[in-house]
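Peer 1: Structure: data.pdb, PDB, C-alpha atoms.
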```pdb
ATOM      1  CA  MET Z 217      23.439   3.056  -1.483
ATOM      2  CA  ASP Z 218      23.685   4.826  -4.838
ATOM      3  CA  LEU Z 219      20.453   6.715  -5.580
ATOM      4  CA  ALA Z 220      20.249   5.444  -9.154
ATOM      5  CA  ASP Z 221      20.690   1.860  -7.924
ATOM      6  CA  ALA Z 222      17.892   2.377  -5.399
ATOM      7  CA  TYR Z 223      15.549   3.602  -8.139
ATOM      8  CA  ASP Z 224      16.523   0.618 -10.283
ATOM      9  CA  ARG Z 225      15.736  -1.712  -7.391
ATOM     10  CA  CYS Z 226      12.269  -0.168  -7.033
ATOM     11  CA  ARG Z 227      11.660  -0.422 -10.767
ATOM     12  CA  GLU Z 228      12.596  -4.101 -10.745
ATOM     13  CA  LEU Z 229      10.215  -4.818  -7.867
ATOM     14  CA  HIS Z 230       7.482  -3.047  -9.798
ATOM     15  CA  ARG Z 231       8.245  -4.880 -13.026
ATOM     16  CA  ARG Z 232       8.267  -8.277 -11.320
ATOM     17  CA  HIS Z 233       5.278  -7.943  -9.004
ATOM     18  CA  GLY Z 234       2.991  -5.240 -10.401
ATOM     19  CA  ARG Z 235       2.711  -6.139 -14.059
ATOM     20  CA  THR Z 236      -0.609  -4.408 -14.716
ATOM     21  CA  TYR Z 237       0.391  -1.080 -13.192
ATOM     22  CA  TYR Z 238       3.945  -1.408 -14.515
ATOM     23  CA  LEU Z 239       2.588  -1.614 -18.063
ATOM     24  CA  ALA Z 240       0.526   1.501 -17.434
ATOM     25  CA  THR Z 241       3.525   3.445 -16.091
ATOM     26  CA  ARG Z 242       5.318   2.990 -19.409
ATOM     27  CA  MET Z 243       3.034   5.774 -20.659
ATOM     28  CA  LEU Z 244       4.337   8.288 -18.143
ATOM     29  CA  PRO Z 245       7.198  10.681 -18.874
ATOM     30  CA  ALA Z 246      10.458   9.111 -17.707
ATOM     31  CA  TRP Z 247      10.972  11.735 -15.003
ATOM     32  CA  LYS Z 248       7.638  10.804 -13.387
ATOM     33  CA  ARG Z 249       8.005   7.086 -13.962
ATOM     34  CA  ARG Z 250      10.912   6.522 -11.595
ATOM     35  CA  HIS Z 251       9.077   8.235  -8.739
ATOM     36  CA  VAL Z 252       6.037   6.000  -9.236
ATOM     37  CA  HIS Z 253       8.387   2.995  -9.218
ATOM     38  CA  ALA Z 254       9.863   4.278  -5.938
ATOM     39  CA  LEU Z 255       6.491   4.392  -4.204
ATOM     40  CA  TYR Z 256       5.531   0.998  -5.586
ATOM     41  CA  GLY Z 257       8.866  -0.409  -4.401
ATOM     42  CA  PHE Z 258       8.280   0.984  -0.926
ATOM     43  CA  THR Z 259       4.814  -0.522  -0.595
ATOM     44  CA  ARG Z 260       5.820  -3.812  -2.165
ATOM     45  CA  PHE Z 261       8.880  -4.287   0.014
ATOM     46  CA  ALA Z 262       6.815  -3.764   3.155
ATOM     47  CA  ASP Z 263       4.290  -6.251   1.823
ATOM     48  CA  GLU Z 264       7.087  -8.743   1.165
ATOM     49  CA  ILE Z 265       8.250  -8.483   4.787
ATOM     50  CA  VAL Z 266       4.723  -9.342   5.906
ATOM     51  CA  ASP Z 267       3.803 -11.993   3.328
ATOM     52  CA  ARG Z 268       7.104 -13.750   2.553
ATOM     53  CA  THR Z 269       8.214 -14.437   6.120
ATOM     54  CA  GLU Z 270       5.361 -16.698   7.233
ATOM     55  CA  ALA Z 271       7.763 -19.435   8.318
ATOM     56  CA  LEU Z 272       9.210 -17.143  10.988
ATOM     57  CA  PRO Z 273       7.736 -16.667  14.478
ATOM     58  CA  PRO Z 274       5.282 -13.724  14.655
ATOM     59  CA  ALA Z 275       7.578 -11.760  16.948
ATOM     60  CA  GLU Z 276      10.456 -11.978  14.473
ATOM     61  CA  ARG Z 277       8.241 -10.931  11.570
ATOM     62  CA  ALA Z 278       7.056  -7.944  13.564
ATOM     63  CA  ALA Z 279      10.643  -7.094  14.500
ATOM     64  CA  ARG Z 280      11.704  -7.115  10.842
ATOM     65  CA  LEU Z 281       8.882  -4.775   9.839
ATOM     66  CA  THR Z 282       9.591  -2.489  12.796
ATOM     67  CA  ALA Z 283      13.318  -2.365  12.020
ATOM     68  CA  TRP Z 284      12.663  -1.466   8.387
ATOM     69  CA  SER Z 285      10.030   1.118   9.365
ATOM     70  CA  ASP Z 286      12.479   2.637  11.844
ATOM     71  CA  ARG Z 287      15.125   2.960   9.114
ATOM     72  CA  PHE Z 288      12.576   4.718   6.934
ATOM     73  CA  LEU Z 289      11.545   7.105   9.723
ATOM     74  CA  ALA Z 290      15.212   7.804  10.473
ATOM     75  CA  GLY Z 291      15.695   8.687   6.835
ATOM     76  CA  LEU Z 292      12.761  11.107   7.015
ATOM     77  CA  ARG Z 293      14.576  12.817   9.887
ATOM     78  CA  GLY Z 294      17.601  13.263   7.640
ATOM     79  CA  GLU Z 295      19.714  10.482   9.112
ATOM     80  CA  PRO Z 296      21.893   8.317   6.808
ATOM     81  CA  VAL Z 297      20.113   5.139   5.702
ATOM     82  CA  GLU Z 298      21.696   1.861   4.608
ATOM     83  CA  ASP Z 299      19.007   0.175   2.521
ATOM     84  CA  PRO Z 300      18.667  -1.088  -1.076
ATOM     85  CA  LEU Z 301      15.597   1.008  -1.948
ATOM     86  CA  LEU Z 302      14.767   3.553   0.766
ATOM     87  CA  PRO Z 303      17.057   6.265  -0.686
ATOM     88  CA  ALA Z 304      14.810   6.396  -3.770
ATOM     89  CA  VAL Z 305      11.668   6.611  -1.641
ATOM     90  CA  LEU Z 306      13.106   9.317   0.578
ATOM     91  CA  HIS Z 307      14.247  11.274  -2.466
ATOM     92  CA  THR Z 308      10.782  11.049  -4.022
ATOM     93  CA  ILE Z 309       9.139  12.215  -0.782
ATOM     94  CA  ALA Z 310      11.491  15.195  -0.667
ATOM     95  CA  VAL Z 311      11.067  16.147  -4.334
ATOM     96  CA  PHE Z 312       7.260  16.227  -4.114
ATOM     97  CA  ASP Z 313       6.931  17.116  -0.415
ATOM     98  CA  LEU Z 314       4.647  14.113   0.042
ATOM     99  CA  ASP Z 315       2.437  13.926   3.117
ATOM    100  CA  ARG Z 316       4.304  11.910   5.765
ATOM    101  CA  ASP Z 317       1.003  10.915   7.363
ATOM    102  CA  ASP Z 318       0.168   8.770   4.333
ATOM    103  CA  PHE Z 319       3.289   6.695   4.977
ATOM    104  CA  ALA Z 320       2.570   6.357   8.690
ATOM    105  CA  VAL Z 321      -0.973   5.128   7.962
ATOM    106  CA  PHE Z 322       0.376   2.702   5.367
ATOM    107  CA  LEU Z 323       2.894   1.198   7.781
ATOM    108  CA  ARG Z 324       0.165   0.841  10.407
ATOM    109  CA  SER Z 325      -1.894  -1.253   7.989
ATOM    110  CA  MET Z 326       1.114  -3.426   7.162
ATOM    111  CA  ALA Z 327       1.564  -4.102  10.876
ATOM    112  CA  MET Z 328      -2.105  -5.096  11.092
ATOM    113  CA  ASP Z 329      -1.455  -7.893   8.594
ATOM    114  CA  LEU Z 330       0.824  -9.535  11.153
ATOM    115  CA  THR Z 331      -1.961  -9.961  13.707
ATOM    116  CA  VAL Z 332      -5.356  -9.373  12.064
ATOM    117  CA  THR Z 333      -6.650 -12.292  10.004
ATOM    118  CA  SER Z 334     -10.247 -11.219   9.368
ATOM    119  CA  TYR Z 335     -12.592  -8.232   9.485
ATOM    120  CA  ALA Z 336     -16.037  -8.218  11.045
ATOM    121  CA  THR Z 337     -17.594  -5.498   8.877
ATOM    122  CA  TYR Z 338     -16.841  -3.561   5.717
ATOM    123  CA  ASP Z 339     -16.176  -0.457   7.812
ATOM    124  CA  ASP Z 340     -13.516  -2.455   9.667
ATOM    125  CA  LEU Z 341     -11.973  -3.494   6.371
ATOM    126  CA  LEU Z 342     -12.066   0.116   5.149
ATOM    127  CA  GLY Z 343     -10.076   1.061   8.248
ATOM    128  CA  TYR Z 344      -7.324  -1.286   7.071
ATOM    129  CA  MET Z 345      -7.645  -0.171   3.448
ATOM    130  CA  GLU Z 346      -7.317   3.474   4.466
ATOM    131  CA  GLY Z 347      -3.608   2.805   4.862
ATOM    132  CA  SER Z 348      -3.058  -0.076   2.477
ATOM    133  CA  ALA Z 349      -4.944   1.457  -0.478
ATOM    134  CA  ALA Z 350      -6.475   4.934  -0.101
ATOM    135  CA  ALA Z 351      -3.237   6.430   1.239
ATOM    136  CA  ILE Z 352      -1.349   5.074  -1.763
ATOM    137  CA  GLY Z 353      -3.744   6.947  -4.036
ATOM    138  CA  THR Z 354      -2.996  10.213  -2.269
ATOM    139  CA  MET Z 355       0.751   9.460  -2.212
ATOM    140  CA  MET Z 356       0.705   9.143  -5.986
ATOM    141  CA  LEU Z 357      -1.391  12.231  -6.714
ATOM    142  CA  PRO Z 358       1.365  14.881  -6.401
ATOM    143  CA  ILE Z 359       3.586  12.846  -8.745
ATOM    144  CA  LEU Z 360       0.863  12.375 -11.340
ATOM    145  CA  GLY Z 361      -0.111  16.021 -11.057
ATOM    146  CA  SER Z 362      -3.567  17.566 -11.280
ATOM    147  CA  THR Z 363      -5.285  20.699 -12.495
ATOM    148  CA  ASP Z 364      -7.404  20.595  -9.312
ATOM    149  CA  PRO Z 365      -5.644  18.612  -6.560
ATOM    150  CA  ALA Z 366      -8.417  19.175  -4.015
ATOM    151  CA  ALA Z 367     -11.083  17.782  -6.352
ATOM    152  CA  ALA Z 368      -8.832  14.903  -7.451
ATOM    153  CA  ARG Z 369      -7.974  13.765  -3.919
ATOM    154  CA  GLU Z 370     -11.096  11.733  -3.118
ATOM    155  CA  PRO Z 371     -11.185  10.023  -6.543
ATOM    156  CA  ALA Z 372      -7.515   9.097  -6.008
ATOM    157  CA  ARG Z 373      -8.439   7.506  -2.690
ATOM    158  CA  GLN Z 374     -11.351   5.678  -4.316
ATOM    159  CA  LEU Z 375      -9.108   4.333  -7.064
ATOM    160  CA  GLY Z 376      -6.764   2.899  -4.453
ATOM    161  CA  LEU Z 377      -9.727   1.232  -2.757
ATOM    162  CA  ALA Z 378     -11.027  -0.113  -6.092
ATOM    163  CA  PHE Z 379      -7.659  -1.620  -7.001
ATOM    164  CA  GLN Z 380      -7.210  -3.241  -3.596
ATOM    165  CA  LEU Z 381     -10.713  -4.679  -3.439
ATOM    166  CA  THR Z 382     -10.151  -6.114  -6.914
ATOM    167  CA  ASN Z 383      -6.999  -7.790  -5.604
ATOM    168  CA  PHE Z 384      -8.879  -9.169  -2.603
ATOM    169  CA  ILE Z 385     -11.527 -10.678  -4.887
ATOM    170  CA  ARG Z 386      -8.975 -12.209  -7.248
ATOM    171  CA  ASP Z 387      -6.724 -13.501  -4.452
ATOM    172  CA  VAL Z 388      -9.233 -15.098  -2.064
ATOM    173  CA  ALA Z 389      -7.502 -18.468  -2.425
ATOM    174  CA  GLU Z 390      -3.987 -17.108  -1.910
ATOM    175  CA  ASP Z 391      -5.051 -15.124   1.138
ATOM    176  CA  LEU Z 392      -6.673 -18.220   2.632
ATOM    177  CA  ASP Z 393      -3.331 -19.983   2.265
ATOM    178  CA  ARG Z 394      -1.835 -17.184   4.387
ATOM    179  CA  GLY Z 395      -4.535 -17.629   7.002
ATOM    180  CA  ARG Z 396      -6.367 -14.416   6.099
ATOM    181  CA  THR Z 397      -9.740 -13.439   4.675
ATOM    182  CA  TYR Z 398     -10.454  -9.935   3.439
ATOM    183  CA  LEU Z 399     -14.136 -10.657   2.820
ATOM    184  CA  PRO Z 400     -15.930  -9.230   5.887
ATOM    185  CA  ASP Z 401     -17.758 -11.571   8.243
ATOM    186  CA  THR Z 402     -21.045  -9.743   7.715
ATOM    187  CA  HIS Z 403     -20.785 -10.257   3.953
ATOM    188  CA  LEU Z 404     -20.086 -13.963   4.412
ATOM    189  CA  ALA Z 405     -23.065 -14.283   6.749
ATOM    190  CA  GLU Z 406     -25.379 -12.490   4.303
ATOM    191  CA  HIS Z 407     -24.692 -15.252   1.785
ATOM    192  CA  GLY Z 408     -24.610 -18.144   4.243
ATOM    193  CA  VAL Z 409     -20.886 -18.708   3.702
ATOM    194  CA  THR Z 410     -18.370 -19.647   6.414
ATOM    195  CA  ARG Z 411     -14.588 -19.670   6.357
ATOM    196  CA  ASP Z 412     -14.754 -23.444   6.416
ATOM    197  CA  ASP Z 413     -16.804 -23.224   3.202
ATOM    198  CA  LEU Z 414     -14.085 -21.073   1.646
ATOM    199  CA  ARG Z 415     -11.372 -23.497   2.711
ATOM    200  CA  ALA Z 416     -13.362 -26.432   1.315
ATOM    201  CA  ALA Z 417     -13.765 -24.607  -2.001
ATOM    202  CA  ARG Z 418     -10.043 -23.906  -2.025
ATOM    203  CA  ALA Z 419      -9.323 -27.603  -1.522
ATOM    204  CA  ALA Z 420     -11.840 -28.624  -4.196
ATOM    205  CA  GLY Z 421     -10.768 -25.947  -6.675
ATOM    206  CA  GLN Z 422     -14.386 -24.989  -7.202
ATOM    207  CA  ALA Z 423     -16.755 -22.442  -5.644
ATOM    208  CA  THR Z 424     -20.246 -23.258  -4.435
ATOM    209  CA  PRO Z 425     -23.274 -21.252  -5.654
ATOM    210  CA  ALA Z 426     -23.349 -19.367  -2.343
ATOM    211  CA  ILE Z 427     -19.684 -18.387  -2.690
ATOM    212  CA  LYS Z 428     -20.256 -17.268  -6.271
ATOM    213  CA  ALA Z 429     -23.104 -15.042  -5.082
ATOM    214  CA  LEU Z 430     -20.802 -13.591  -2.420
ATOM    215  CA  ILE Z 431     -18.097 -12.829  -4.979
ATOM    216  CA  ARG Z 432     -20.669 -11.294  -7.334
ATOM    217  CA  ALA Z 433     -21.717  -8.901  -4.558
ATOM    218  CA  GLU Z 434     -18.079  -8.019  -3.800
ATOM    219  CA  CYS Z 435     -17.530  -7.245  -7.477
ATOM    220  CA  ARG Z 436     -20.482  -4.833  -7.428
ATOM    221  CA  ARG Z 437     -18.965  -3.125  -4.399
ATOM    222  CA  ALA Z 438     -15.615  -2.793  -6.165
ATOM    223  CA  ARG Z 439     -17.320  -1.330  -9.232
ATOM    224  CA  ASP Z 440     -18.897   1.326  -7.008
ATOM    225  CA  HIS Z 441     -15.391   2.401  -6.002
ATOM    226  CA  TYR Z 442     -14.336   2.529  -9.667
ATOM    227  CA  ALA Z 443     -17.361   4.719 -10.427
ATOM    228  CA  ALA Z 444     -16.351   7.106  -7.629
ATOM    229  CA  ALA Z 445     -12.768   7.184  -8.941
ATOM    230  CA  ALA Z 446     -13.557   7.800 -12.620
ATOM    231  CA  PRO Z 447     -14.162  11.600 -12.427
ATOM    232  CA  GLY Z 448     -10.667  12.125 -11.046
ATOM    233  CA  ILE Z 449      -8.733  10.829 -14.043
ATOM    234  CA  PRO Z 450      -9.616  13.731 -16.400
ATOM    235  CA  LEU Z 451      -8.411  16.065 -13.623
ATOM    236  CA  LEU Z 452      -4.891  14.646 -13.763
ATOM    237  CA  ALA Z 453      -2.042  16.270 -15.656
ATOM    238  CA  PRO Z 454      -2.456  15.433 -19.372
ATOM    239  CA  THR Z 455       0.812  13.444 -19.393
ATOM    240  CA  SER Z 456      -0.515  11.166 -16.620
ATOM    241  CA  GLN Z 457      -3.977  10.424 -17.944
ATOM    242  CA  ALA Z 458      -3.115   7.614 -20.386
ATOM    243  CA  CYS Z 459      -1.299   5.783 -17.590
ATOM    244  CA  LEU Z 460      -4.210   5.959 -15.147
ATOM    245  CA  ARG Z 461      -6.833   5.255 -17.810
ATOM    246  CA  THR Z 462      -4.923   2.082 -18.665
ATOM    247  CA  ALA Z 463      -4.533   1.006 -15.046
ATOM    248  CA  PHE Z 464      -8.216   1.765 -14.400
ATOM    249  CA  ARG Z 465      -9.422  -0.345 -17.318
ATOM    250  CA  LEU Z 466      -7.013  -3.242 -16.783
ATOM    251  CA  TYR Z 467      -7.752  -3.588 -13.077
ATOM    252  CA  ALA Z 468     -11.474  -3.328 -13.778
ATOM    253  CA  GLY Z 469     -10.839  -5.946 -16.472
ATOM    254  CA  ILE Z 470      -9.880  -8.396 -13.728
ATOM    255  CA  LEU Z 471     -13.466  -8.125 -12.488
ATOM    256  CA  ASP Z 472     -14.628  -8.863 -16.036
ATOM    257  CA  GLU Z 473     -12.525 -12.023 -15.999
ATOM    258  CA  VAL Z 474     -13.985 -13.022 -12.628
ATOM    259  CA  ALA Z 475     -17.479 -12.573 -14.069
ATOM    260  CA  ALA Z 476     -16.528 -14.567 -17.181
ATOM    261  CA  ALA Z 477     -15.545 -17.441 -14.879
ATOM    262  CA  ASP Z 478     -19.032 -17.306 -13.293
ATOM    263  CA  HIS Z 479     -17.473 -15.664 -10.215
ATOM    264  CA  ASP Z 480     -15.554 -18.818  -9.336
ATOM    265  CA  VAL Z 481     -12.287 -17.443  -7.949
ATOM    266  CA  PHE Z 482     -11.115 -20.928  -6.959
ATOM    267  CA  ALA Z 483     -11.113 -22.517 -10.405
ATOM    268  CA  ARG Z 484      -8.353 -20.256 -11.746
ATOM    269  CA  ARG Z 485      -6.681 -16.926 -11.042
ATOM    270  CA  ALA Z 486      -8.378 -14.159 -13.016
ATOM    271  CA  THR Z 487      -5.968 -12.352 -15.337
ATOM    272  CA  VAL Z 488      -6.464 -10.045 -18.304
ATOM    273  CA  PRO Z 489      -5.133 -11.651 -21.526
ATOM    274  CA  HIS Z 490      -1.992 -10.073 -23.000
ATOM    275  CA  ARG Z 491      -3.738  -9.191 -26.254
ATOM    276  CA  ARG Z 492      -6.388  -7.231 -24.384
ATOM    277  CA  ARG Z 493      -3.726  -5.491 -22.292
ATOM    278  CA  ALA Z 494      -2.031  -4.219 -25.431
ATOM    279  CA  SER Z 495      -5.314  -3.143 -27.008
ATOM    280  CA  VAL Z 496      -6.420  -1.245 -23.901
ATOM    281  CA  ALA Z 497      -3.059   0.485 -23.590
ATOM    282  CA  LEU Z 498      -3.188   1.644 -27.214
ATOM    283  CA  GLN Z 499      -6.770   2.904 -26.888
ATOM    284  CA  CYS Z 500      -5.903   4.859 -23.743
ATOM    285  CA  LEU Z 501      -2.801   6.314 -25.344
ATOM    286  CA  LEU Z 502      -4.950   7.631 -28.197
ATOM    287  CA  THR Z 503      -7.689   9.026 -25.948
ATOM    288  CA  ARG Z 504      -7.883  12.815 -25.785
ATOM    289  CA  PRO Z 505      -6.762  14.211 -22.403
ATOM    290  CA  GLY Z 506      -9.745  15.426 -20.429
ATOM    291  CA  ALA Z 507     -12.151  12.938 -21.966
ATOM    292  CA  PRO Z 508     -14.499  11.340 -19.417
ATOM    293  CA  VAL Z 509     -13.726   7.840 -18.207
ATOM    294  CA  ALA Z 510     -16.445   5.364 -19.049
ATOM    295  CA  ALA Z 511     -18.274   3.837 -16.113
ATOM    296  CA  VAL Z 512     -17.366   0.288 -15.143
ATOM    297  CA  ALA Z 513     -20.416  -1.827 -15.881
TER     298      ALA Z 513
END
```
Let me see whether you can do it: turn the structure in this file into structure tokens.
Peer 2:
Amino acid sequence: MDLADAYDRCRELHRRHGRTYYLATRMLPAWKRRHVHALYGFTRFADEIVDRTEALPPAERAARLTAWSDRFLAGLRGEPVEDPLLPAVLHTIAVFDLDRDDFAVFLRSMAMDLTVTSYATYDDLLGYMEGSAAAIGTMMLPILGSTDPAAAREPARQLGLAFQLTNFIRDVAEDLDRGRTYLPDTHLAEHGVTRDDLRAARAAGQATPAIKALIRAECRRARDHYAAAAPGIPLLAPTSQACLRTAFRLYAGILDEVAAADHDVFARRATVPHRRRASVALQCLLTRPGAPVAAVA
């Protein structure tokens, strides 16, 4: 596979499936941008194997993920790889000497999605998100660059967690359709909500007051992760800050849209309007590097 074609494949996956972050990456220098696309392509393709093969028997889905993971690991060992996007990922890992453990933890979480359909506690969910979200933050950090990588590491992890929890809140209905819930059992119980209640709300296209209270609490938890992530953005390389400021504000903006809908995630899918996207991007582009990131209210 031609390396340039592999990078183009990753960019197309990013453009098609990660519109919010893709918009933000347009603010990166071109030489950084393709490496971010490569990591997004890697994570998205694994996610596609898990989420777009539901009609297949579980064993076959697991076999497909294992076969692709094995090709990736073979590539890390320096073996030739026949794949439409892995050459770009392997090249990016080599250029930045990325931590291989982050990729192993990520693939472990993807495998969990084949068998785990719910999480008892938030700590259990964080165990999954360690690979599916926090590790992605630390994968990206060497590409984005930082004046203090050690200090920026935990905020990068927290930003990954904030983004993923935002997705979980927005996509409750879609995840139910896949037979999964990423809202922990203990959180449901605190609000007197059952999975049957969630499925009934999905069918009705309307959340109950108890479900709205649950979603409101999940939004507060996500905002705590954003608050923990905010100090890391001014520590990034100046050429990366506009990108991450934009992604930070647009993903947090999804929570604003959820709140504007009275925390009813079943009535419609929360999205940030295009006009606001453009306005936020321009504001972030004009923000002085090193300026603090405002807290997410």
Peer 1: Rounded to one decimal in Å, what is the spacing between atom CA of Ala240 of chain Z and atom CA of Leu302 of chain Z?
Peer 2: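 Taking atom CA of Ala240 of chain Z and atom CA of Leu302 of chain Z, their separation equals 23.2 Å.
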Peer 1: May I have the residues within 10 Å of Ile265 of chain Z as a ChimeraX atom specification, using all atoms listed in the file and disregarding those fewer than 3 positions away in the same chain?
Peer 2: /Z:260-262,268-270,277-278,280-281,284,326,330
Peer 1: Using only C-alpha atoms and a cutoff of 10 Å, can you tell me which residues are near (-19.8, 0.2, -11.5) in the file's coordinates, and write them out as a ChimeraX atom specification?
Peer 2: /Z:435-444,446,468,510-513
Peer 1: Just give me the gap between atom CA of Met356 of chain Z and atom CA of Ala220 of chain Z in Å, one decimal is fine.
Peer 2: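 Spanning atom CA of Met356 of chain Z to atom CA of Ala220 of chain Z is a straight-line distance of 20.1 Å.
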Peer 1: Restricting the calculation to only C-alpha atoms: of Z:Gln422, Z:Ser285, Z:Gln380, Z:Thr410, which residue gets closest to Ala327 of chain Z?
Peer 2: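 Ranked by minimum distance to Ala327 of chain Z, first place goes to Z:Ser285.
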Peer 1: For Ile470 of chain Z, list every protein, DNA or RNA residue within 10 Å, evaluated using all atoms listed in the file, and leave out those in the same chain fewer than 4 positions away; present the list as a ChimeraX atom specification.
Peer 2: /Z:379,382-383,385-386,435,465-466,474-476,485-489
Peer 1: Export C-alpha atoms of the chosen residues as a short mmCIF file (atom, residue, chain, number, x, y, z; two decimals), in the coordinates of the input?
Peer 2:
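Output (part21.cif):
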```cif
data_model
loop_
_atom_site.label_atom_id
_atom_site.label_comp_id
_atom_site.auth_asym_id
_atom_site.auth_seq_id
_atom_site.Cartn_x
_atom_site.Cartn_y
_atom_site.Cartn_z
CA PHE Z 379 -7.66 -1.62 -7.00
CA THR Z 382 -10.15 -6.11 -6.91
CA ASN Z 383 -7.00 -7.79 -5.60
CA ILE Z 385 -11.53 -10.68 -4.89
CA ARG Z 386 -8.98 -12.21 -7.25
CA CYS Z 435 -17.53 -7.24 -7.48
CA ARG Z 465 -9.42 -0.34 -17.32
CA LEU Z 466 -7.01 -3.24 -16.78
CA VAL Z 474 -13.98 -13.02 -12.63
CA ALA Z 475 -17.48 -12.57 -14.07
CA ALA Z 476 -16.53 -14.57 -17.18
CA ARG Z 485 -6.68 -16.93 -11.04
CA ALA Z 486 -8.38 -14.16 -13.02
CA THR Z 487 -5.97 -12.35 -15.34
CA VAL Z 488 -6.46 -10.04 -18.30
CA PRO Z 489 -5.13 -11.65 -21.53
#
```
Peer 1: Which distance in Å separates atom CA of Ala423 of chain Z and atom CA of Arg411 of chain Z, to one decimal?
Peer 2: 12.5 Å
Peer 1: Enumerate, as a PDB file with C-alpha atoms, in the frame of the given file, the residues matched when the PyMOL selection byres ((chain Z and resi 247-252) around 9) is run on the file above.
Peer 2:
```pdb
ATOM      1  CA  TYR Z 223      15.549   3.602  -8.139  1.00  0.00           C
ATOM      2  CA  ASP Z 224      16.523   0.618 -10.283  1.00  0.00           C
ATOM      3  CA  CYS Z 226      12.269  -0.168  -7.033  1.00  0.00           C
ATOM      4  CA  ARG Z 227      11.660  -0.422 -10.767  1.00  0.00           C
ATOM      5  CA  THR Z 241       3.525   3.445 -16.091  1.00  0.00           C
ATOM      6  CA  ARG Z 242       5.318   2.990 -19.409  1.00  0.00           C
ATOM      7  CA  MET Z 243       3.034   5.774 -20.659  1.00  0.00           C
ATOM      8  CA  LEU Z 244       4.337   8.288 -18.143  1.00  0.00           C
ATOM      9  CA  PRO Z 245       7.198  10.681 -18.874  1.00  0.00           C
ATOM     10  CA  ALA Z 246      10.458   9.111 -17.707  1.00  0.00           C
ATOM     11  CA  HIS Z 253       8.387   2.995  -9.218  1.00  0.00           C
ATOM     12  CA  ALA Z 254       9.863   4.278  -5.938  1.00  0.00           C
ATOM     13  CA  LEU Z 255       6.491   4.392  -4.204  1.00  0.00           C
ATOM     14  CA  TYR Z 256       5.531   0.998  -5.586  1.00  0.00           C
ATOM     15  CA  GLY Z 257       8.866  -0.409  -4.401  1.00  0.00           C
ATOM     16  CA  ALA Z 304      14.810   6.396  -3.770  1.00  0.00           C
ATOM     17  CA  VAL Z 305      11.668   6.611  -1.641  1.00  0.00           C
ATOM     18  CA  HIS Z 307      14.247  11.274  -2.466  1.00  0.00           C
ATOM     19  CA  THR Z 308      10.782  11.049  -4.022  1.00  0.00           C
ATOM     20  CA  ILE Z 309       9.139  12.215  -0.782  1.00  0.00           C
ATOM     21  CA  MET Z 356       0.705   9.143  -5.986  1.00  0.00           C
ATOM     22  CA  ILE Z 359       3.586  12.846  -8.745  1.00  0.00           C
ATOM     23  CA  LEU Z 360       0.863  12.375 -11.340  1.00  0.00           C
ATOM     24  CA  SER Z 456      -0.515  11.166 -16.620  1.00  0.00           C
TER      25      SER Z 456
END
```
Peer 1: Could you state which residues are captured by the PyMOL selection byres ((chain Z and resi 387-395) around 10) in this file, as a ChimeraX atom specification?
Peer 2: /Z:267-268,270,332-334,381-386,396-399,411,414-415,417-419,421,431,481-486
Peer 1: Using all atoms listed in the file, which of Z:Gly448, Z:Gly408, Z:Pro303, Z:Gly294 sits nearest Ala366 of chain Z?
Peer 2: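 Ranking Z:Gly448, Z:Gly408, Z:Pro303, Z:Gly294 by distance to Ala366 of chain Z, first place goes to Z:Gly448.
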Peer 1: Would you translate the PyMOL selection byres ((chain Z and resi 375) around 7) into the concrete set of residues it matches in this file, as a PyMOL selection string?
Peer 2: chain Z and resi 353+371-374+376-379+441-442+445
Peer 1: From the set Z:Ser362, Z:Thr462, Z:Ile427, Z:Tyr335, which residue has the shortest atom-to-atom contact distance to Asp401 of chain Z, counting only C-alpha atoms?
Peer 2: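 Result for the nearest residue to Asp401 of chain Z: Z:Tyr335.
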Peer 1: Nearest residue to Ile449 of chain Z out of Z:Asp317, Z:Asp364, Z:Asp340, Z:Glu298, using only C-alpha atoms?
Peer 2: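 Answer, going by the shortest atom-to-atom distance: Z:Asp364.
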Peer 1: Which is closest to Arg461 of chain Z among Z:Leu323, Z:Met355, Z:Tyr237, Z:His407, if we use only C-alpha atoms?
Peer 2: Z:Tyr237
Peer 1: With all atoms listed in the file as the counted atoms, please give the residues lying no more than 8 Å from Thr337 of chain Z, apart from itself and same-chain residues fewer than 6 positions off, as JSON, numbers by chain.
Peer 2: {"Z": [400, 401, 402, 403]}
Peer 1: For each of Z:Arg235, Z:Gly361, Z:Ala290, Z:Asp299, take the minimum atom-to-atom distance to Leu452 of chain Z, counting all atoms listed in the file, then give the residue where this is smallest.
Peer 2: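 The closest residue to Leu452 of chain Z is Z:Gly361.
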Peer 1: N, CA and C atoms are needed for segment 461-466 of chain Z; please write them out as a PDB file, in the frame of the given file.
Peer 2:
```
ATOM      1  N   ARG Z 461      -5.724   5.861 -17.064  1.00  0.00           N
ATOM      2  CA  ARG Z 461      -6.833   5.255 -17.810  1.00  0.00           C
ATOM      3  C   ARG Z 461      -6.545   3.766 -18.054  1.00  0.00           C
ATOM      4  N   THR Z 462      -5.306   3.474 -18.404  1.00  0.00           N
ATOM      5  CA  THR Z 462      -4.923   2.082 -18.665  1.00  0.00           C
ATOM      6  C   THR Z 462      -5.021   1.247 -17.401  1.00  0.00           C
ATOM      7  N   ALA Z 463      -4.470   1.749 -16.306  1.00  0.00           N
ATOM      8  CA  ALA Z 463      -4.533   1.006 -15.046  1.00  0.00           C
ATOM      9  C   ALA Z 463      -5.983   0.797 -14.622  1.00  0.00           C
ATOM     10  N   PHE Z 464      -6.798   1.834 -14.760  1.00  0.00           N
ATOM     11  CA  PHE Z 464      -8.216   1.765 -14.400  1.00  0.00           C
ATOM     12  C   PHE Z 464      -8.908   0.647 -15.176  1.00  0.00           C
ATOM     13  N   ARG Z 465      -8.715   0.627 -16.490  1.00  0.00           N
ATOM     14  CA  ARG Z 465      -9.422  -0.345 -17.318  1.00  0.00           C
ATOM     15  C   ARG Z 465      -8.876  -1.766 -17.144  1.00  0.00           C
ATOM     16  N   LEU Z 466      -7.574  -1.899 -16.929  1.00  0.00           N
ATOM     17  CA  LEU Z 466      -7.013  -3.242 -16.783  1.00  0.00           C
ATOM     18  C   LEU Z 466      -7.373  -3.854 -15.433  1.00  0.00           C
TER      19      LEU Z 466
END
```
